[in-house]
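Visitor: One structure is given below, represented as structure tokens, and several questions about it will come after.
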Amino acid sequence: MARSRASRARVPRRAPTARPRPGWAGTLSRRAVVPMLIALAIALPAAGQGLERRLVVVVPEADDPRVEHTRAAIAFWNRTLADLGLDVRMREVEVVAGPPGMRAIETFARFVSQRGGRIPKGRDGPQPPPELTALGGDVVVLLSRQPLLPFAWPLIGSPDHLVAIRSLRSGRPRDDTVLRNVIAHELGHTLGLRHNRGGASLMCGPCSSLAARESPGGWLPLTARDRALLRRLHGKVETLGQPGRAGVEAVPD
Ligand SMILES: [Zn+2]
């Protein structure tokens with residue numbers, strides 16, 4: 001049966017701002033995509049809640065030993081955030097082994113690692129390759145093939161941070177305690193923490209690897225300033241009584 005002009009006019013048009021999506025997504029019919037989007041909306045927390053930080057871990061090979069250290073660092077942060085009475089949590093949503101875009105992500109990571117202190121962040125800084133933004137999540141943790149300086153680099157949009165962790169040094173015994181603390185340090189930056197002078201705290205800069213080995217429980221401690229900043233950044237907004245945020249402490253500059 002032929003459609004009338006009126007019924008054709010009711011067919012919704014694509015939003016003019018929609019970006020073309022290359023690859024498999026473009027081959028799916030709308031009938032298939034809509035139930036998928038509904039399923040995703042149910043599976044994911046509501047946007048804007050800000051309570052869950054979704055981590056996508058990118059590794060050269062699936063059996064990379066650094067994945068376990070990343071999980072230990074995530075568990076450390078979730079314990080710490082719970083102890084502080086904060087609702088924000090980190091969740092590993094996916095480990096992606098050797099994705100097709102790995103080379104582009106590694107190239108971007110090398111660029112940032114080599115020039116990090118001399119290039120602007122945000123909209124004026126280097127823009128992440130589409131292979132990185134396609135991974136989604138709030139934080140992409142790249143367990144790099146390269147011996148680069150580890151970093152946490154803020155991005156605009158999703159993900160909002162790229163964390164890069166150096167390759168394991170071949171021929172040297174692995175120092176698991178130091179590696180776990182390095183990953184936890186970079187994840188601390190993704191929560192908004194900055195460097196402390198002195199080598200005996202998690203957010204040290206510069207750091208002493210000796211301090212990590214000697215710290216109780218294997219984790220370097222947070223300072224009072226770190227805890228106050230976490231409460232200020234991630235504490236609940238107080239809606240009763242005086243306006244302001246609950247649990248705010250003075251943060252020295
Ligand atoms: Zn740092």
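Identifiers in this document derive from the order of the structure tokens: chains are assigned A, B, ..., residues are numbered from 1 separately in each chain, and ligands are numbered from 1 in order of occurrence.
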Once you count only C-alpha atoms and all ligand atoms, which residues end up within 10 Å of ligand 1, and could you hand them over as a PyMOL selection string?

Guide: chain A and resi 150-153+182-189+193-196+202-207

Visitor: Can you build me a table of stretch 61-83 of chain A residues sitting at most 12 Å from stretch 117-141 of chain A, with the closest atom pair per residue and its distance in Å to one decimal, using only C-alpha atoms, sorted by chain and residue number, as a tab-separated table?

Guide:
residue	atom	partner	partner_atom	distance
A:Arg66	CA	A:Val141	CA	10.7
A:Val67	CA	A:Val141	CA	9.8
A:His69	CA	A:Val141	CA	11.8
A:Thr70	CA	A:Val141	CA	8.6
A:Arg71	CA	A:Val141	CA	11.1
A:Ala73	CA	A:Val141	CA	11.7
A:Ile74	CA	A:Val141	CA	11.3

Visitor: Limited to C-alpha atoms, could you put the picked residues into a file as a PDB file, in the first residue's frame?

Guide:
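Result went into out-v7.pdb, see below:
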ATOM      1  CA  ARG A  66      48.686  -4.907  35.514  1.00  0.00           C
ATOM      2  CA  VAL A  67      44.917  -5.544  35.260  1.00  0.00           C
ATOM      3  CA  HIS A  69      46.835  -4.092  40.117  1.00  0.00           C
ATOM      4  CA  THR A  70      44.295  -1.774  38.510  1.00  0.00           C
ATOM      5  CA  ARG A  71      41.515  -3.741  40.229  1.00  0.00           C
ATOM      6  CA  ALA A  73      43.668   0.288  43.096  1.00  0.00           C
ATOM      7  CA  ILE A  74      39.930   0.552  42.279  1.00  0.00           C
TER       8      ILE A  74
END

Visitor: Give me, as an MDAnalysis selection string, the residues of stretch 60-244 of chain A that a backbone DSSP run labels helix (DSSP H, G or I).

Guide: chainID A and resid 66:83 102:118 122:124 130:133 176:190 209:214 216:218 224:234

Visitor: Give me the residues near A:Met90 as a PDB file with C-alpha atoms, in the first residue's frame, where near means some atom within 7 Å (using only C-alpha atoms) and where sequence neighbours in that chain fewer than 6 positions away do not count.

Guide:
ATOM      1  CA  GLU A  52      29.676   6.041  39.601  1.00  0.00           C
ATOM      2  CA  ARG A  53      32.929   6.538  37.727  1.00  0.00           C
ATOM      3  CA  ARG A  54      32.979   3.958  34.923  1.00  0.00           C
ATOM      4  CA  LEU A  55      36.475   2.717  34.043  1.00  0.00           C
ATOM      5  CA  ILE A  74      39.930   0.552  42.279  1.00  0.00           C
ATOM      6  CA  ASN A  78      36.155   2.434  46.844  1.00  0.00           C
TER       7      ASN A  78
END

Visitor: Which distance in Å separates atom CA of A:Asp226 and atom CA of A:Gly198, to one decimal?

Guide: 13.6 Å

Visitor: Within 8 Å of A:Val96, counting only C-alpha atoms, which residues qualify if same-chain residues fewer than 2 places away don't, as a CSV table (one decimal) with C-alpha atoms, in the first residue's frame?

Guide:
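Output saved as result-v1.csv:
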chain,number,residue,atom,x,y,z
A,56,VAL,CA,37.4,1.1,30.7
A,57,VAL,CA,40.8,-0.7,30.9
A,58,VAL,CA,42.8,-1.0,27.7
A,59,VAL,CA,45.5,-3.6,27.6
A,62,ALA,CA,44.2,-10.0,28.0
A,94,GLU,CA,35.3,-3.4,30.6
A,98,GLY,CA,44.3,-5.0,21.9
A,99,PRO,CA,41.5,-3.0,20.3
